Amino acid sequence: MGYRSTFQCVSDLERNGHLIRFDEPVDPHLQLAEIQRRLYINQAPAVLYTNVKGCRFPVVSNLFGTLERARFMFRDTIEQVRRAIELKIEPEQFFKRPLRYWKAPLTALRMRPKMTRGGAITQNTIKISDLPQQVSWPKDGGAFITLPQVFSEDARSPGLMKSNLGMYRIQLSGNKYARDIEIGLHYQIHRSIGVHHQAALAAGKPFRVNIFVGGSPAMTLSAVMPLPEGMSELTFAGALAGHRIPMWRNNGGLPIYADADFCICGTVDPQRQLPEGPFGDHLGYYSLVHEFPVLKVEKVLHRNQAIWPLTVVGRPPQEDTAFGDLIHELTGPIIPSVLPGVKAVHAVDAAGVHPLLIAIGSERYVPYRESTAPQELLTQANAILGQGQLSLAKFLWIIDEACDRELDIHDVGLFFQRVLERVDWSRDVHFQTRTTIDTLDYTGDGFNQGSKVVIAASGKLLRRLPDSLPSDLRLPDTFRHPRIAFPGVLLVEGPAYQSKAEGQRQIRDFAQAFDSSESINQFPLIVVLDDSDFASRNINNFCWTVFTRSNPASDIDGIAAKIVDKHWGCSGSLIIDARIKPHHAPPLVEDPQVTASVDAIAARGLPISKFL
């Protein structure tokens with residue numbers, strides 16, 4: 001359906017059994033978020049809340065809660081978008097299979113946004129404090145918009161076709177923001193809005209930003225699409241929405257999405273930043289308080305019958321997981337054309353996306369010889385780390401497709417096993433030190449600062465992976481409770497981490513307690529952590545614990561380690577220290593009173609209750 005508003009989307013979902021209403025009072029302070037987390041986990045329908053405390057507007061959550069519902073919302077256009085992507089990969093297919101691609105010119109036309117003289121968004125004016133004040137986690141610094149579409153243009157070359165639409169965090173209240181006058185604009189590194197901000201500063205021009213909420217769900221999805229720099233997300237939104245995206249001229253100011261449910265217009269003061277945060281983010285921890293740009297609010301608009309869509313982020317999986325699934329479904333086939341030799345890439349959601357990237361590549365350098373060591377894989381790994389937001393990956397594991405041609409990139413546990421069967425730790429570990437990492441990752445040496453590692457594997461099997469503990473396994477004092485996460489991976493609880501120097505000494509002592517002939521080396525990977533039972537329960541727990549709590553350069557060691565020509569490696573097991581460190585951000589924990597209040601709703605037998 002070519003929805004023009006959230007109201008149209010909600011009405012269609014309700015008619016088709018994908019949405020239920022909740023008319024009881026609900027508090028946007030923590031309670032709404034607690035409900036949404038349970039809705040997602042239980043694969044519930046979307047929910048329309050008609051009685052939000054302190055707010056005149058209805059609110060909807062869980063719109064993208066299942067991949068099935070996301071496909072349903074775009075059922076009239078998603079196949080044509082897939083075919084447009086196919087033509088992007090192989091343009092000659094248009095002439096070979098004209099019946100399949102006869103709608104391609106219409107899809108291309110819809111990809112061009114259009115300017116209009118007005119629109120539904122012009123109908124009403126309100127204040128920031130009139131908007132739903134959603135607080136998702138107990139230590140959040142204030143209310144936030146969780147599904148914003150942040151629009152900006154390049155001062156050097158303004159225009160819709162070079163504009164940027166991104167989903168950047170917006171803090172509506174709290175901290176030092178002047179009520180109804182200032183809001184926080186948080187964007188992480190390597191985001192196109194940063195390029196626009198820098199261009200405005202260099203040109204000495206005001207940096208104008210508009211924040212849209214609602215409208216077509218195609219706009220929400222497009223705001224998180226990893227499109228190449230310089231390509232407007234409005235084009236993808238038009239193709240997915242089934243119509244050209246209308247942008248109101250706004251009396252010569254920055255254009256406004258004419259079909260949006262809400263819009264906040266403002267200007268960023270280039271000389272001013274304010275503390276923003278904390279905010280419970282998608283790594284499963286709070287992102288802490290840091291100074292970020294401030295948006296001076298000029299006006300807040302909303303259309304008639306406006307509905308406020310929201311979501312909640314936290315330790316994966318959450319609703320944003322479905323965003324990633326749908327994006328991969330649409331764009332996954334294009335990866336080989338963008339990254340030659342790379343067959344598949346998967347940013348592992350359970351690890352918070354950027355901390356862990358896994359990939360399948362191909363060794364083609366010397367096809368007349370049997371591949372024994374990664375060669376082209378390392379070139380492909382460098383290409384991946386130079387590609388857009390993939391550059392923020394902290395751990396990149398890559399394997400040659402010849403090792404298992406049936407390997408599913410989304411079977412993370414099996415992927416690790418295939419790598420661990422073949423990896424040679426003396427040659428296949430490649431570090432980048434003192435480099436840039438994701439803004440939300442606090443495992444490094446400072447804000448946006450840390451390290452990366454590439455682990456590459458190819459060739460024949462080097463070992464069989466054990467799935468039980470050896471009878472002669474011994475551990476040094478203070479290390480205990482060994483568990484197997486999956487074949488080849490040993491989890492060991494270590495002493496509580498106190499300081500970097502002491503923590504690294506403990507891991508070094510652990511490694512030096514063994515030589516490369518001892519049975520513990522049957523496990524190519526050993527992880528030292530705080531709770532081995534938790535991490536061994538499932539692959540999601542393993543990925544979250546290991547990769548959100550370790551910085552490669554400071555937290556990787558190994559048995560029989562040495563440096564040869566400045567290359568680090570080990571002939572025994574690789575060790576990752578995934579203990580919680582004092583400089584890490586605190587993990588997200590629900591408020592027990594709010595949890596109890598939602599338990600009470602679940603016990604009342606309401607239509608929503610069975611999903612809580």
# chains A, B, ... in the order shown; residues from 1 in each chain; ligands from 1
>>> select_by_dssp(residues="range 54-213 of chain A", states="helix (DSSP H, G or I)", output="MDAnalysis selection string")
chainID A and resid 67:73 78:89 93:96 104:110 120:123 128:130 160:162 192:203
>>> closest_atom_pairs(of="range 445-514 of chain A", to="range 549-568 of chain A", cutoff="10 Å", atoms="only C-alpha atoms", output="Markdown table")
| residue | atom | partner | partner_atom | distance |
| --- | --- | --- | --- | --- |
| A:Asp445 | CA | A:Asn551 | CA | 8.6 |
| A:Gly450 | CA | A:Asn551 | CA | 6.7 |
| A:Ser451 | CA | A:Ala553 | CA | 5.8 |
| A:Lys452 | CA | A:Pro552 | CA | 5.9 |
| A:Val453 | CA | A:Pro552 | CA | 6.1 |
| A:Val454 | CA | A:Pro552 | CA | 9.6 |
| A:Lys500 | CA | A:Ser554 | CA | 8.5 |
| A:Gly503 | CA | A:Asp555 | CA | 8.9 |
| A:Gln504 | CA | A:Asp555 | CA | 7.4 |
| A:Ile507 | CA | A:Asp557 | CA | 7.2 |
| A:Arg508 | CA | A:Asp557 | CA | 7.0 |
| A:Asp509 | CA | A:Ile559 | CA | 9.9 |
| A:Phe510 | CA | A:Ile559 | CA | 8.4 |
| A:Ala511 | CA | A:Ile559 | CA | 4.7 |
| A:Gln512 | CA | A:Ile559 | CA | 6.4 |
| A:Ala513 | CA | A:Ile559 | CA | 8.4 |
| A:Phe514 | CA | A:Ile559 | CA | 6.6 |
>>> residues_around(residues="Phe207 in chain A", least_positions_apart="2", cutoff="7 Å", atoms="only C-alpha atoms", output="compact mmCIF listing (two decimals) with N, CA and C atoms, in the first residue's frame")
# COMPACT_ATOMS: atom_id res chain seq x y z
N HIS A 197 27.17 19.01 7.98
CA HIS A 197 27.48 19.95 9.06
C HIS A 197 28.82 20.64 8.79
N ALA A 200 28.54 23.22 5.97
CA ALA A 200 27.90 24.46 6.40
C ALA A 200 28.87 25.33 7.19
N LYS A 205 27.61 29.21 6.64
CA LYS A 205 26.16 29.29 6.50
C LYS A 205 25.47 28.59 7.67
N VAL A 209 18.29 21.97 9.88
CA VAL A 209 17.92 20.56 10.01
C VAL A 209 16.42 20.47 10.25
N THR A 267 17.74 25.13 13.56
CA THR A 267 19.08 25.46 13.09
C THR A 267 20.10 25.05 14.15
N VAL A 268 21.18 24.44 13.70
CA VAL A 268 22.26 24.05 14.61
C VAL A 268 23.19 25.24 14.81
>>> atom_distance(atom1="CA of Asp320 in chain A", atom2="CA of Ser163 in chain A")
23.5 Å
>>> residues_around(residues="Arg364 in chain A", least_positions_apart="6", cutoff="12 Å", atoms="only C-alpha atoms", output="PyMOL selection string")
chain A and resi 340-342+370-371+374-380+400-402+458
>>> closest_residue(among="A:His29, A:Arg463, A:His186, A:Arg244", to="Arg112 in chain A", atoms="only C-alpha atoms")
A:Arg244
>>> closest_residue(among="A:Tyr177, A:Phe151, A:Phe279, A:Trp137", to="Ser232 in chain A", atoms="only C-alpha atoms")
A:Phe151
>>> residues_around(residues="Asn124 in chain A", least_positions_apart="2", cutoff="8 Å", atoms="only C-alpha atoms", output="compact mmCIF listing (two decimals) with N, CA and C atoms, in the first residue's frame")
# COMPACT_ATOMS: atom_id res chain seq x y z
N ILE A 121 1.35 18.37 6.36
CA ILE A 121 2.16 18.75 7.51
C ILE A 121 1.96 20.20 7.91
N THR A 122 1.42 21.01 7.03
CA THR A 122 1.25 22.45 7.32
C THR A 122 0.02 22.74 8.16
N ILE A 126 2.51 23.21 17.08
CA ILE A 126 2.53 22.88 18.51
C ILE A 126 3.91 23.20 19.08
N LEU A 301 5.47 21.21 13.71
CA LEU A 301 4.24 21.06 12.92
C LEU A 301 3.68 19.65 13.07
N HIS A 302 2.38 19.52 12.87
CA HIS A 302 1.80 18.18 12.75
C HIS A 302 0.57 18.23 11.86
N ARG A 303 0.27 17.12 11.23
CA ARG A 303 -0.88 17.00 10.35
C ARG A 303 -2.12 16.62 11.16
N ASN A 304 -3.29 16.74 10.59
CA ASN A 304 -4.50 16.22 11.21
C ASN A 304 -4.41 14.69 11.29
>>> closest_atom_pairs(of="range 12-96 of chain A", to="range 314-317 of chain A", cutoff="9 Å", atoms="only C-alpha atoms", output="tab-separated table")
residue	atom	partner	partner_atom	distance
A:Arg37	CA	A:Gly314	CA	8.8
A:Tyr40	CA	A:Pro317	CA	8.6
A:Ile41	CA	A:Pro317	CA	8.0
>>> residues_around(residues="Lys581 in chain A", least_positions_apart="3", cutoff="10 Å", atoms="only C-alpha atoms", output="MDAnalysis selection string")
chainID A and resid 442:443 496:500 503 549:550 577:578 584:586
>>> write_last_selection(atoms="C-alpha atoms", output="compact mmCIF listing (two decimals), in the first residue's frame")
# COMPACT_ATOMS: atom_id res chain seq x y z
CA TYR A 442 33.10 2.00 25.24
CA THR A 443 35.55 -0.90 25.15
CA ALA A 496 37.00 -9.56 38.69
CA TYR A 497 38.75 -7.00 36.47
CA GLN A 498 40.19 -4.13 38.52
CA SER A 499 42.55 -2.19 36.25
CA LYS A 500 44.08 -2.44 32.79
CA GLY A 503 43.79 -7.33 34.05
CA ARG A 549 33.18 -6.36 26.24
CA SER A 550 36.51 -6.63 24.48
CA ASP A 577 39.38 -11.19 27.76
CA ALA A 578 35.65 -10.39 27.79
CA HIS A 584 32.70 0.13 30.20
CA ALA A 585 29.26 1.73 30.09
CA PRO A 586 26.70 0.19 32.46
>>> closest_residue(among="A:Pro217, A:Pro206, A:Gly284, A:Pro309", to="Gly352 in chain A", atoms="only C-alpha atoms")
A:Gly284
